[in-house]
Amino acid sequence: MEALGAASRFVGRTFALWVIVGAAAGYAAPAGFAPVAPHIFWLLGLVMFGMGLTLAPGDFLAVARRPGAIALGVAAQFTLMPGLAFALTQMVPMPADVAAGVILVGCCPGGTASNVVTYLAKGDVALSVTMTAGSTLLAPLATPALVWLLARQYLPVDAASMFLSIAQIVLLPLALGVTAKTLFPKLTERLVAALPLVSVGGIVLIVAAVVAVNRPALAQSGLLIAAVVATHNVLGLLLGCWAGRAFHMEPPQIRAVTIEVGMQNSGLGSALALAHFSPLAAVPSAVFSVWHNISGTLLASYFRRQDS
């Protein structure tokens with residue numbers, strides 16, 4: 001069990017590297033990873049179940065103790081990132097499917113990777129986890145509504161169907177994970193040691209599958225998509241930092257808000273794009289998965305140097 005825990009911690013610390021490896025593998029051997037694409041819903045559900053195993057009902061009561069900080073982070077998540085995504089699609093010419101995909105990933109909640117990066121950055125991890133949980137719980141309503149509002153000019157958006165998808169692949173597995181931890185605390189405590197392996201493995205497979213099914217499109221317009229996604233992420237991080245400073249937060253809280261705003265649940269974006277739009281619309285989410293782990297790791301290193 002100690003060896004498994006050590007392996008999980010190593011994989012968690014090197015998350016960005018494995019995502020890059022997954023993207024490269026999907027591009028180099030598309031035939032091997034394209035068959036994974038129909039199973040992305042199940043993979044993401046497994047990742048969300050793992051997130052639920054790390055939470056307890058009491059964690060959600062933290063909202064009552066820190067409503068201001070959590071509300072700021074969640075509000076910034078669902079205003080700044082969708083707004084930036086929409087602005088980029090208006091300024092940069094791109095195919096309709098790609099534009100819808102950029103907006104979709106901008107409308108997603110925070111991802112679990114933000115909690116890891118916040119820890120590496122010596123930020124407020126408890127605040128980060130609670131903001132992620134808060135935005136995830138709001139996602140079934142906020143994400144479809146925002147996508148319908150901002151992306152319907154590019155592709156038809158069925159907000160009700162998207163709500164059901166998010167409930168099935170986010171809320172249900174999350175609730176099952178929290179319930180399992182409550183009913184079987186000793187068993188789940190042992191399982192948590194392996195969670196980084198499961199979570200990282202699931203996200204890496206999702207990225208590899210999306211890259212595999214979109215290899216021709218990436219070869220043609222991958223640089224454009226990468227530039228748009230990187231700009232979206234960097235501006236999100238900067239505005240998240242500005243929001244924390246504007247509300248006079250302490251440095252650990254500013255770091256948590258910065259990272260939470262800039263890092264999306266891109267796995268959810270990929271799954272929703274494949275289910276409701278097209279494989280091409282999933283590419284921005286896949287690229288985001290690669291890029292935000294790189295930028296987040298670099299930002300965490302910068303924050304850590306500030307403390308030394």
# chains A, B, ... in the order shown; residues from 1 in each chain; ligands from 1
$ closest_atom_pairs --of "region 28-109 of chain A" --to "region 265-278 of chain A" --cutoff "8 Å" --atoms "only C-alpha atoms" --output "CSV"
residue,atom,partner,partner_atom,distance
A:Ile40,CA,A:Ala271,CA,6.0
A:Phe41,CA,A:Ala271,CA,5.9
A:Leu44,CA,A:Gly267,CA,6.6
A:Asp97,CA,A:Ser278,CA,7.0
A:Gly101,CA,A:Ala273,CA,6.6
A:Leu104,CA,A:Gly269,CA,6.1
A:Val105,CA,A:Gly269,CA,5.0
A:Cys108,CA,A:Asn265,CA,5.9
A:Pro109,CA,A:Asn265,CA,5.7
$ residues_around --residues "Ala85 (chain A)" --least-positions-apart "5" --cutoff "7 Å" --atoms "only C-alpha atoms" --output "compact mmCIF listing (two decimals) with all heavy atoms, in the first residue's frame"
# COMPACT_ATOMS: atom_id res chain seq x y z
N VAL A 102 -14.68 26.20 -27.70
CA VAL A 102 -13.98 27.18 -26.86
C VAL A 102 -14.93 27.74 -25.81
O VAL A 102 -14.60 27.86 -24.62
CB VAL A 102 -13.39 28.32 -27.72
CG1 VAL A 102 -12.90 29.48 -26.83
CG2 VAL A 102 -12.26 27.81 -28.59
N ILE A 103 -16.15 28.08 -26.24
CA ILE A 103 -17.14 28.60 -25.29
C ILE A 103 -17.54 27.53 -24.28
O ILE A 103 -17.68 27.81 -23.08
CB ILE A 103 -18.38 29.12 -26.05
CG1 ILE A 103 -18.01 30.40 -26.82
CG2 ILE A 103 -19.54 29.40 -25.10
CD1 ILE A 103 -19.09 30.91 -27.75
N GLY A 106 -15.03 27.14 -21.60
CA GLY A 106 -15.07 28.33 -20.76
C GLY A 106 -16.23 28.33 -19.79
O GLY A 106 -16.17 28.99 -18.75
N HIS A 232 -6.84 32.18 -23.61
CA HIS A 232 -8.00 32.07 -22.72
C HIS A 232 -7.55 31.74 -21.29
O HIS A 232 -7.97 32.39 -20.32
CB HIS A 232 -8.92 30.97 -23.28
CG HIS A 232 -10.21 30.82 -22.55
ND1 HIS A 232 -10.96 29.67 -22.61
CD2 HIS A 232 -10.90 31.66 -21.73
CE1 HIS A 232 -12.06 29.82 -21.89
NE2 HIS A 232 -12.04 31.01 -21.34
$ residues_around --residues "Leu172 (chain A)" --least-positions-apart "4" --cutoff "12 Å" --atoms "only C-alpha atoms" --output "MDAnalysis selection string"
chainID A and resid 42 44:52 136:137 140 164:168 176:179
$ write_last_selection --atoms "C-alpha atoms" --output "short mmCIF file (atom, residue, chain, number, x, y, z; two decimals), in the first residue's frame"
data_model
loop_
_atom_site.label_atom_id
_atom_site.label_comp_id
_atom_site.auth_asym_id
_atom_site.auth_seq_id
_atom_site.Cartn_x
_atom_site.Cartn_y
_atom_site.Cartn_z
CA TRP A 42 -17.71 6.55 -18.07
CA LEU A 44 -15.15 11.12 -16.45
CA GLY A 45 -17.77 9.60 -14.16
CA LEU A 46 -15.03 7.50 -12.56
CA VAL A 47 -12.91 10.63 -12.03
CA MET A 48 -15.85 12.45 -10.43
CA PHE A 49 -16.59 9.43 -8.21
CA GLY A 50 -12.98 9.65 -7.02
CA MET A 51 -13.45 13.33 -6.25
CA GLY A 52 -16.51 12.41 -4.19
CA THR A 136 -19.44 21.61 -9.83
CA LEU A 137 -22.77 21.57 -8.02
CA PRO A 140 -25.85 21.40 -14.29
CA LEU A 164 -29.13 15.72 -17.90
CA SER A 165 -25.65 14.80 -19.17
CA ILE A 166 -23.92 16.84 -16.46
CA ALA A 167 -26.19 15.36 -13.80
CA GLN A 168 -25.32 11.85 -14.97
CA LEU A 176 -22.08 8.22 -4.85
CA GLY A 177 -18.50 8.98 -3.85
CA VAL A 178 -19.56 11.15 -0.89
CA THR A 179 -22.06 8.48 0.18
#
$ closest_residue --among "A:Val257, A:Ala243, A:Leu235, A:Val228" --to "Met81 (chain A)" --atoms "only C-alpha atoms"
A:Leu235
$ residues_around --residues "Ala99 (chain A)" --least-positions-apart "5" --cutoff "9 Å" --atoms "only C-alpha atoms" --output "list of chain:residue names"
A:Ala85, A:Phe86, A:Leu88, A:Thr89, A:Gln90, A:Pro93, A:Met94, A:Leu104, A:Ala151, A:Tyr154, A:Ala281, A:Pro284
$ closest_residue --among "A:His292, A:His39, A:Arg305, A:Arg9" --to "Gly236 (chain A)" --atoms "only C-alpha atoms"
A:His292
$ atom_distance --atom1 "CA of Leu138 (chain A)" --atom2 "CA of Ile206 (chain A)"
23.1 Å
$ residues_around --residues "Val147 (chain A)" --least-positions-apart "3" --cutoff "9 Å" --atoms "only C-alpha atoms" --output "ChimeraX atom specification"
/A:82,100,103-104,106-107,142-144,150-152,157,159
$ atom_distance --atom1 "CA of Val210 (chain A)" --atom2 "CA of Phe163 (chain A)"
21.8 Å
